[in-house]
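Peer 1: One file: upload.txt (compact mmCIF, C-alpha atoms).
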# COMPACT_ATOMS: atom_id res chain seq x y z
CA MET A 532 9.27 -33.70 32.36
CA ALA A 533 10.27 -30.18 33.41
CA GLU A 534 7.97 -28.68 30.76
CA GLU A 535 5.04 -30.80 31.98
CA MET A 536 5.63 -29.70 35.58
CA GLN A 537 5.79 -26.07 34.47
CA LYS A 538 2.48 -26.46 32.63
CA ILE A 539 0.82 -28.08 35.65
CA THR A 540 2.13 -25.33 37.92
CA GLY A 541 0.74 -22.69 35.57
CA GLU A 542 -2.66 -24.38 35.52
CA MET A 543 -2.72 -24.53 39.33
CA GLN A 544 -1.90 -20.83 39.55
CA GLU A 545 -4.75 -20.04 37.15
CA ILE A 546 -7.21 -21.97 39.30
CA LEU A 547 -6.32 -19.78 42.29
CA LEU A 548 -7.12 -16.59 40.38
CA ASP A 549 -10.58 -14.99 40.38
CA GLU A 550 -12.38 -14.71 37.02
CA GLY A 551 -11.34 -11.12 36.37
CA SER A 552 -7.69 -11.78 37.15
CA ARG A 553 -7.74 -14.94 35.04
CA ARG A 554 -9.10 -13.05 32.03
CA GLU A 555 -6.47 -10.36 32.49
CA SER A 556 -3.79 -13.07 32.65
CA TYR A 557 -4.99 -14.51 29.34
CA ARG A 558 -5.10 -11.03 27.83
CA GLU A 559 -1.48 -10.35 28.78
CA ARG A 560 -0.37 -13.69 27.36
CA ILE A 561 -2.07 -12.95 24.03
CA LYS A 562 -0.45 -9.50 23.89
CA ARG A 563 3.03 -11.08 23.97
CA PHE A 564 2.50 -11.85 20.29
CA PRO A 565 1.89 -9.46 17.36
CA ASN A 566 -1.74 -8.33 17.64
CA VAL A 567 -4.07 -5.53 16.57
CA MET A 568 -7.40 -6.12 18.32
CA GLU A 569 -6.72 -3.76 21.22
CA GLU A 570 -5.44 -0.92 19.06
CA SER A 571 -7.59 2.17 19.53
CA PHE A 572 -8.42 4.77 16.87
CA GLU A 573 -10.83 7.70 16.99
CA LYS A 574 -13.25 6.70 14.25
CA THR A 575 -17.00 6.94 13.85
CA LYS A 576 -19.21 4.09 12.67
CA GLU A 577 -19.35 5.78 9.27
CA ASP A 578 -15.54 5.96 9.20
CA TRP A 579 -15.23 2.23 9.85
CA SER A 580 -17.81 1.45 7.19
CA SER A 581 -15.88 3.59 4.69
CA PHE A 582 -12.59 1.91 5.61
CA TYR A 583 -14.16 -1.53 5.21
CA LYS A 584 -15.37 -0.73 1.70
CA LYS A 585 -11.97 0.68 0.76
CA VAL A 586 -9.99 -2.34 1.97
CA GLU A 587 -12.51 -4.80 0.53
CA SER A 588 -12.30 -3.04 -2.84
CA THR A 589 -8.50 -3.22 -2.77
CA LEU A 590 -8.62 -6.91 -1.89
CA ASN A 591 -11.08 -7.74 -4.66
CA ASN A 592 -9.93 -5.42 -7.43
CA ASP A 593 -6.31 -4.47 -6.90
CA ILE A 594 -3.10 -6.36 -7.66
CA LEU A 595 -2.21 -8.87 -4.92
CA PHE A 596 1.46 -9.48 -4.18
CA GLY A 597 1.16 -13.08 -3.06
CA LEU A 598 -0.57 -14.85 -0.19
CA GLU A 599 0.89 -12.56 2.48
CA ASP A 600 -0.67 -9.51 0.83
CA GLU A 601 -4.06 -11.24 0.81
CA ILE A 602 -3.70 -12.32 4.44
CA ARG A 603 -2.68 -8.89 5.74
CA GLN A 604 -5.64 -7.23 4.02
CA LYS A 605 -8.06 -9.79 5.43
CA ASN A 606 -6.61 -9.25 8.91
CA VAL A 607 -7.35 -5.53 8.53
CA LEU A 608 -10.93 -6.39 7.55
CA VAL A 609 -11.22 -8.56 10.66
CA TYR A 610 -10.13 -5.64 12.84
CA ILE A 611 -12.59 -3.29 11.15
CA LEU A 612 -15.44 -5.79 11.57
CA TRP A 613 -14.49 -6.05 15.24
CA GLN A 614 -14.72 -2.27 15.59
CA MET A 615 -18.12 -2.37 13.87
CA ASN A 616 -19.27 -4.95 16.48
CA ASP A 617 -19.82 -7.57 13.78
CA LYS A 618 -18.15 -10.31 15.80
CA PHE A 619 -19.73 -13.14 13.81
CA SER A 620 -18.24 -11.94 10.50
CA ALA A 621 -14.91 -11.14 12.20
CA GLU A 622 -14.64 -14.69 13.56
CA LYS A 623 -15.70 -16.22 10.25
CA LEU A 624 -13.09 -14.27 8.27
CA THR A 625 -10.39 -15.03 10.85
CA ASN A 626 -11.04 -18.75 10.48
CA GLU A 627 -10.76 -18.37 6.69
CA VAL A 628 -7.34 -16.75 7.19
CA ARG A 629 -6.26 -19.58 9.50
CA GLU A 630 -7.25 -22.15 6.90
CA LYS A 631 -4.95 -20.48 4.38
CA LYS A 632 -2.16 -19.68 6.85
CA PRO A 633 -2.43 -21.71 10.09
CA ASP A 634 0.67 -20.14 11.63
CA ASN A 635 -0.34 -16.52 11.06
CA LEU A 636 0.10 -14.90 14.47
CA VAL A 637 -2.27 -11.99 13.90
CA ALA A 638 -5.07 -14.36 12.91
CA LEU A 639 -4.43 -16.44 16.03
CA THR A 640 -4.36 -13.41 18.34
CA ASN A 641 -7.43 -11.95 16.63
CA LEU A 642 -9.35 -15.14 17.30
CA ALA A 643 -8.03 -15.37 20.86
CA PHE A 644 -9.29 -11.87 21.65
CA ILE A 645 -12.66 -12.58 20.04
CA HIS A 646 -13.13 -15.66 22.23
CA LEU A 647 -11.76 -13.87 25.32
CA TYR A 648 -14.33 -11.07 25.04
CA ASP A 649 -17.06 -13.65 24.38
CA GLY A 650 -16.04 -15.53 27.53
CA ASN A 651 -15.17 -18.71 25.60
CA ILE A 652 -12.20 -19.53 27.84
CA SER A 653 -11.66 -23.09 26.63
CA GLU A 654 -11.05 -21.80 23.10
CA VAL A 655 -8.73 -19.10 24.45
CA ARG A 656 -6.67 -21.79 26.18
CA ASN A 657 -6.47 -23.85 22.99
CA LEU A 658 -5.29 -20.83 21.02
CA LEU A 659 -2.72 -19.93 23.65
CA ASP A 660 -1.41 -23.50 23.44
CA ASN A 661 -1.12 -23.06 19.65
CA LEU A 662 0.76 -19.81 20.13
CA SER A 663 3.11 -21.42 22.65
CA ASN A 664 3.78 -24.31 20.27
CA LEU A 665 4.62 -21.88 17.47
CA GLU A 666 6.98 -20.04 19.81
CA GLU A 667 8.98 -23.24 20.25
CA ARG A 668 9.48 -23.78 16.51
CA GLU A 669 12.90 -23.11 15.00
CA ASN A 670 11.41 -20.71 12.44
CA PHE A 671 9.44 -18.69 15.00
CA SER A 672 11.48 -15.55 14.28
CA LEU A 673 10.19 -15.67 10.69
CA ILE A 674 6.61 -16.26 11.86
CA GLU A 675 6.89 -13.34 14.30
CA ALA A 676 8.38 -11.10 11.60
CA GLU A 677 5.40 -11.77 9.36
CA GLY A 678 3.10 -10.96 12.28
CA LYS A 679 4.82 -7.60 12.74
CA ARG A 680 4.39 -6.83 9.04
CA ASN A 681 0.68 -7.62 9.35
CA VAL A 682 0.33 -5.25 12.31
CA ALA A 683 2.30 -2.56 10.47
CA TYR A 684 0.02 -2.86 7.45
CA CYS A 685 -3.07 -2.49 9.65
CA LEU A 686 -1.68 0.62 11.35
CA ALA A 687 -0.64 2.16 8.03
CA THR A 688 -4.03 1.44 6.45
CA ILE A 689 -6.16 2.85 9.25
CA SER A 690 -4.21 5.68 10.84
CA PHE A 691 -1.90 8.28 9.28
CA LYS A 692 -0.76 9.20 12.80
CA ASP A 693 0.69 5.69 13.23
CA HIS A 694 2.73 5.61 10.00
CA GLU A 695 6.04 6.06 11.83
CA ARG A 696 5.18 3.24 14.23
CA ALA A 697 4.33 1.06 11.24
CA VAL A 698 7.70 1.87 9.65
CA GLU A 699 9.50 0.75 12.83
CA LEU A 700 7.62 -2.57 12.82
CA TYR A 701 8.48 -3.09 9.14
CA LYS A 702 12.14 -2.41 9.90
CA GLU A 703 12.12 -4.87 12.80
CA SER A 704 10.77 -7.46 10.38
CA LEU A 705 13.36 -6.55 7.76
CA ASN A 706 16.13 -7.25 10.27
CA VAL A 707 14.93 -10.86 10.31
CA CYS A 708 13.96 -11.09 6.61
CA PRO A 709 16.50 -8.84 4.83
CA ASP A 710 15.31 -9.80 1.34
CA ASP A 711 11.60 -9.17 1.83
CA TYR A 712 10.99 -6.85 -1.11
CA LEU A 713 7.33 -6.13 -0.32
CA CYS A 714 8.44 -5.01 3.14
CA MET A 715 11.03 -2.67 1.60
CA PHE A 716 8.42 -1.18 -0.71
CA SER A 717 6.01 -0.71 2.21
CA ILE A 718 8.66 1.22 4.19
CA ALA A 719 9.48 3.45 1.21
CA LEU A 720 5.79 4.12 0.51
CA LEU A 721 5.09 5.12 4.11
CA GLN A 722 8.16 7.34 4.28
CA TYR A 723 7.05 9.07 1.10
CA ARG A 724 3.62 9.69 2.62
CA CYS A 725 5.29 11.15 5.74
CA LEU A 726 7.47 13.67 3.90
CA LYS A 727 5.11 16.57 4.53
CA LYS A 728 4.57 15.52 8.14
CA ASN A 729 8.29 15.41 8.98
CA ILE A 730 9.48 18.94 9.81
CA ASP A 731 13.05 17.83 10.58
CA LYS A 732 14.87 18.55 7.31
CA GLU A 733 17.83 16.30 8.11
CA LYS A 734 15.56 13.42 9.08
CA ARG A 735 13.59 13.97 5.89
CA ARG A 736 16.77 13.77 3.80
CA GLU A 737 17.74 10.53 5.56
CA ASN A 738 14.31 9.01 4.92
CA ILE A 739 14.44 9.91 1.22
CA LYS A 740 17.93 8.45 0.86
CA GLU A 741 16.97 5.28 2.73
CA SER A 742 13.75 4.85 0.76
CA ILE A 743 15.46 5.20 -2.61
CA GLN A 744 18.07 2.65 -1.50
CA TYR A 745 15.27 0.19 -0.69
CA LEU A 746 13.58 0.86 -4.02
CA GLU A 747 16.82 0.48 -5.96
CA LYS A 748 17.39 -2.86 -4.24
CA ILE A 749 13.93 -3.98 -5.37
CA ARG A 750 14.63 -2.71 -8.89
CA CYS A 751 17.84 -4.75 -9.06
CA ALA A 752 15.93 -7.88 -8.00
CA PHE A 753 13.74 -7.76 -11.12
CA PRO A 754 12.87 -10.09 -12.80
CA ARG A 755 14.41 -12.95 -10.82
CA HIS A 756 12.86 -12.27 -7.42
CA ILE A 757 9.93 -9.90 -7.97
CA ASP A 758 7.08 -9.72 -10.47
CA LYS A 759 6.04 -6.98 -12.86
CA GLY A 760 3.39 -5.64 -10.49
CA LEU A 761 5.83 -4.76 -7.71
CA MET A 762 8.44 -3.58 -10.21
CA GLY A 763 6.00 -1.17 -11.85
CA ARG A 764 4.99 0.36 -8.53
CA THR A 765 8.63 0.54 -7.42
CA LEU A 766 9.59 2.54 -10.50
CA ALA A 767 6.59 4.84 -10.06
CA LEU A 768 7.50 5.45 -6.42
CA ILE A 769 11.12 6.24 -7.35
CA GLY A 770 9.67 8.76 -9.80
CA LEU A 771 7.57 10.33 -7.05
CA PHE A 772 10.61 10.71 -4.81
CA GLN A 773 12.52 12.31 -7.67
CA LEU A 774 9.68 14.79 -8.20
CA SER A 775 9.29 15.63 -4.52
CA ARG A 776 10.12 19.21 -3.57
CA TYR A 777 11.70 17.79 -0.41
CA ASN A 778 14.32 15.85 -2.39
CA PHE A 779 17.39 18.07 -2.63
CA HIS A 780 19.11 15.64 -4.99
CA SER A 781 16.21 15.26 -7.40
CA GLN A 782 16.77 13.92 -10.90
CA PRO A 783 14.56 13.72 -14.00
CA ALA A 784 11.68 11.37 -13.17
CA LYS A 785 10.23 10.88 -16.65
CA LYS A 786 12.21 7.73 -17.43
CA TYR A 787 10.96 5.99 -14.28
CA PHE A 788 7.31 6.63 -15.08
CA GLN A 789 7.77 5.61 -18.70
CA ARG A 790 9.33 2.30 -17.72
CA ALA A 791 6.70 1.76 -15.04
CA LEU A 792 4.01 2.16 -17.71
CA ASP A 793 5.86 -0.24 -20.02
CA ILE A 794 6.02 -2.91 -17.30
CA SER A 795 2.63 -2.37 -15.63
CA PRO A 796 0.38 -0.61 -18.17
CA ASP A 797 -2.85 -1.64 -16.44
CA ASP A 798 -1.95 -0.91 -12.80
CA PRO A 799 -4.14 1.96 -11.52
CA TYR A 800 -1.41 3.04 -9.08
CA VAL A 801 1.14 3.35 -11.88
CA LEU A 802 -1.39 5.09 -14.13
CA GLU A 803 -2.36 7.65 -11.46
CA LYS A 804 1.20 8.53 -10.48
CA SER A 805 2.41 8.68 -14.08
CA ALA A 806 -0.53 10.92 -14.97
CA ASN A 807 0.54 13.26 -12.19
CA ASN A 808 3.99 13.52 -13.77
CA TYR A 809 2.51 14.39 -17.17
CA ILE A 810 0.24 17.01 -15.62
CA LEU A 811 3.16 18.65 -13.82
CA SER A 812 4.97 18.73 -17.18
CA ASN A 813 1.93 20.44 -18.75
CA GLN A 814 1.27 17.39 -20.92
CA HIS A 815 -2.40 17.51 -20.04
CA GLU A 816 -3.75 15.25 -22.77
CA GLU A 817 -1.39 12.43 -21.80
CA GLY A 818 -2.32 12.89 -18.16
CA ARG A 819 -6.03 12.85 -19.00
CA LYS A 820 -5.75 9.59 -20.94
CA LEU A 821 -3.94 7.86 -18.09
CA LEU A 822 -6.41 9.04 -15.45
CA GLU A 823 -9.37 7.97 -17.54
CA LYS A 824 -7.78 4.56 -18.04
CA ALA A 825 -7.11 4.26 -14.30
CA ILE A 826 -10.75 5.08 -13.53
CA GLU A 827 -11.94 2.53 -16.10
CA ILE A 828 -9.87 -0.18 -14.40
CA LYS A 829 -10.40 0.83 -10.76
CA ALA A 830 -11.98 4.15 -9.84
CA THR A 831 -10.66 5.86 -6.70
CA PRO A 832 -11.52 9.21 -5.06
CA TYR A 833 -7.98 10.36 -5.92
CA SER A 834 -8.28 9.61 -9.63
CA HIS A 835 -11.74 11.23 -9.87
CA HIS A 836 -10.52 14.31 -8.02
CA GLN A 837 -7.38 14.67 -10.15
CA LEU A 838 -9.33 14.23 -13.38
CA GLY A 839 -11.89 16.82 -12.29
CA LEU A 840 -9.14 19.33 -11.53
CA LEU A 841 -7.50 18.54 -14.85
CA TYR A 842 -10.74 19.20 -16.76
CA LEU A 843 -10.89 22.58 -15.07
CA ARG A 844 -7.27 23.32 -15.86
CA ILE A 845 -7.54 22.57 -19.57
CA GLU A 846 -10.98 24.22 -19.70
CA TYR A 847 -13.05 21.30 -20.84
CA THR A 848 -16.60 22.39 -21.58
CA LYS A 849 -18.22 19.14 -20.58
CA ILE A 850 -19.54 18.63 -17.07
CA TYR A 851 -17.57 16.14 -14.99
CA ILE A 852 -19.31 14.41 -12.11
CA CYS A 853 -17.29 12.80 -9.28
CA PRO A 854 -19.49 9.83 -8.22
CA ASN A 855 -17.93 9.47 -4.77
CA GLU A 856 -18.52 13.08 -3.74
CA GLN A 857 -21.40 13.99 -6.10
CA THR A 858 -19.45 17.15 -6.93
CA ILE A 859 -20.05 18.80 -10.30
CA LEU A 860 -17.06 20.55 -11.83
CA LYS A 861 -17.35 22.64 -14.98
CA ARG A 862 -15.56 25.46 -16.74
CA ASN A 863 -16.53 28.96 -15.65
CA GLU A 864 -18.21 30.83 -18.51
Would you mind giving the structure from this file in structure tokens?
Peer 2:
Amino acid sequence: MAEEMQKITGEMQEILLDEGSRRESYRERIKRFPNVMEESFEKTKEDWSSFYKKVESTLNNDILFGLEDEIRQKNVLVYILWQMNDKFSAEKLTNEVREKKPDNLVALTNLAFIHLYDGNISEVRNLLDNLSNLEERENFSLIEAEGKRNVAYCLATISFKDHERAVELYKESLNVCPDDYLCMFSIALLQYRCLKKNIDKEKRRENIKESIQYLEKIRCAFPRHIDKGLMGRTLALIGLFQLSRYNFHSQPAKKYFQRALDISPDDPYVLEKSANNYILSNQHEEGRKLLEKAIEIKATPYSHHQLGLLYLRIEYTKIYICPNEQTILKRNE
């Protein structure tokens, strides 16, 4: 009875508000939940188009680590479509996400913002009711944690400047879901990418130590709780940390890359990072074979660039063309 009276009181208060204030009230209620639609990044139309192609390619061609990985990538695509003013496609993809995961908070808030900006207030109210119902469920903390991971993935995918913010969201989620191995890997990957950015040496040491602890925990969970795909990438990332010039307790990395290749021989990520290790060890032929295999499976600007540089280094006489940049690299005569 008390809940019904509270709902009626809320509806009466909304009626007394003017249209602008009512929309702002809805906006604030949506923002109480994990959301990305009002994030702002300095990108051009060409930038967004490039990001869309990149994420779509990853979704269609890369290894997927379960339904959550698929959902978080599609939520990023929704945000990018929104930024490209393709609201029809954004709404369509959001509804596809909801069909697969009805309680995904980011999908619900995405759709609520789409309808709010379109002025479809009745749909906004329905979605807010759905969000309120989810909030009352016993497992809401788990639902919210997944929402934070989705937001973190979006931030990490689109903006290097927001990597640290993404790490904090992942850690908040990990406090609720301490055995989420994909979340641990995501934190370690972002902290590796931020090594150059972090000028505080002590903080950098702490991040390396923490990341390797996460990765070792993932490694110990194989094969009972994680699959070969995540294990291969985990081993490759441990190898990268061991190679890093910022790691003052570095150890030989070769064994990690070798095992990663044994477990995930067709993963472009593992192939690219292992190739880098061979190149640094002056084993150029091995590095070349791995990069060429990576490009055959899934070509990326990184793999093309590294292979082009390698051809120059070992003085290949053939011309190498990087399709993404249309850059021709050849040995100087």
Peer 1: Grab the CA of Pro832 (chain A) to CA of Lys584 (chain A) distance for me, in Å with one decimal place.
Peer 2: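 Result for CA of Pro832 (chain A) versus CA of Lys584 (chain A): 12.6 Å, one decimal.
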Peer 1: Can you measure CA of Ile794 (chain A) to CA of Gly763 (chain A) for me? One decimal in Å is fine.
Peer 2: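 These atoms are spaced 5.7 Å apart.
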Peer 1: List as a PyMOL selection string the protein and nucleic acid residues near Leu761 (chain A), meaning an atom at most 10 Å away when only C-alpha atoms are counted, but skip any in the same chain fewer than 2 places from it.
Peer 2: chain A and resi 594-596+712-713+716+749-750+753+757-759+763-767+791+794-795
Peer 1: Separation of CA of Ile602 (chain A) and CA of Ser653 (chain A), in Å?
Peer 2: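 Interatomic distance, CA of Ile602 (chain A) to CA of Ser653 (chain A): 25.9 Å.
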Peer 1: Pick the closest to Glu816 (chain A) from A:Ser580, A:Leu642, A:Asp793, A:Arg844: which is it, counting all atoms listed in the file?
Peer 2: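 Of all the options, A:Arg844 lies closest to Glu816 (chain A).
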Peer 1: Find the spatial neighbours of region 817-827 of chain A, counting all atoms listed in the file, within a cut-off of 9 Å - ignore same-chain residues fewer than 6 positions away - and output them as a count of residues only.
Peer 2: 19
Peer 1: When you look at Tyr777 (chain A) with a cut-off of 9 Å (counting only C-alpha atoms), what residues show up, excluding the ones that are within fewer than 4 positions of it in the same chain? I need them as a ChimeraX atom specification.
Peer 2: /A:726-727,732,735-736,739,772,781
Peer 1: Compute the distance from (-10.3, -20.3, 20.2) to each atom, counting all atoms listed in the file, keep the residues with any atom at most 7 Å away, and return them as a PyMOL selection string; use the coordinates of the file.
Peer 2: chain A and resi 642-643+646+654-655+657-658
Peer 1: Can you pull out every residue within 9 Å of region 622-628 of chain A, counting all atoms listed in the file, but drop anything in the same chain fewer than 5 positions away, and send it as a PDB file with C-alpha atoms, in the coordinates of the input?
Peer 2:
ATOM      1  CA  ILE A 602      -3.700 -12.320   4.440  1.00  0.00           C
ATOM      2  CA  LYS A 605      -8.060  -9.790   5.430  1.00  0.00           C
ATOM      3  CA  ASN A 606      -6.610  -9.250   8.910  1.00  0.00           C
ATOM      4  CA  LEU A 608     -10.930  -6.390   7.550  1.00  0.00           C
ATOM      5  CA  VAL A 609     -11.220  -8.560  10.660  1.00  0.00           C
ATOM      6  CA  TRP A 613     -14.490  -6.050  15.240  1.00  0.00           C
ATOM      7  CA  ASP A 617     -19.820  -7.570  13.780  1.00  0.00           C
ATOM      8  CA  PRO A 633      -2.430 -21.710  10.090  1.00  0.00           C
ATOM      9  CA  ASN A 635      -0.340 -16.520  11.060  1.00  0.00           C
ATOM     10  CA  ALA A 638      -5.070 -14.360  12.910  1.00  0.00           C
ATOM     11  CA  LEU A 639      -4.430 -16.440  16.030  1.00  0.00           C
ATOM     12  CA  ASN A 641      -7.430 -11.950  16.630  1.00  0.00           C
ATOM     13  CA  LEU A 642      -9.350 -15.140  17.300  1.00  0.00           C
ATOM     14  CA  ILE A 645     -12.660 -12.580  20.040  1.00  0.00           C
ATOM     15  CA  HIS A 646     -13.130 -15.660  22.230  1.00  0.00           C
TER      16      HIS A 646
END
Peer 1: Using only C-alpha atoms, pick whichever of A:Pro709, A:Lys574, A:Lys631, A:Ile652 has the shortest atom-to-atom distance to Ser556 (chain A).
Peer 2: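 Counting only C-alpha atoms, the residue closest to Ser556 (chain A) is A:Ile652.
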Peer 1: Write out as a VMD selection string which residues come within 7 Å of Gln604 (chain A) when counting all atoms listed in the file, dropping same-chain ones fewer than 4 positions away.
Peer 2: chain A and resid 586 590 600 608
Peer 1: Counting all atoms listed in the file, which residue out of A:Lys804, A:Arg656, A:Lys785, A:Arg553 sits closest to Tyr833 (chain A)?
Peer 2: A:Lys804
Peer 1: I need every residue sitting at most 12 Å from the point (6.5, 3.1, 2.7) (coordinates as in the file, only C-alpha atoms considered), written as number ranges by chain.
Peer 2: A: 680, 683-684, 687-688, 691, 694-702, 712-726, 738-739, 741-743, 745-746, 764-765, 768-769, 772
Peer 1: Return the single residue from A:Ala676, A:Val637, A:Leu686, A:Leu840 that is closest to Phe572 (chain A), with distances computed using only C-alpha atoms.
Peer 2: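 Counting only C-alpha atoms, the residue closest to Phe572 (chain A) is A:Leu686.
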Peer 1: When distances are computed from all atoms listed in the file, which of A:Asp649, A:Glu587, A:Glu630, A:Asp693 shows the smallest separation from Glu570 (chain A)?
Peer 2: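 Of A:Asp649, A:Glu587, A:Glu630, A:Asp693, the one nearest Glu570 (chain A), counting all atoms listed in the file, is A:Asp693.
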Peer 1: Under the rule that all atoms listed in the file are counted, which of A:Leu647, A:Ile845, A:Leu792, A:Ala621 is the nearest residue to Asn813 (chain A)?
Peer 2: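 Under the stated criterion, the closest residue is A:Ile845.
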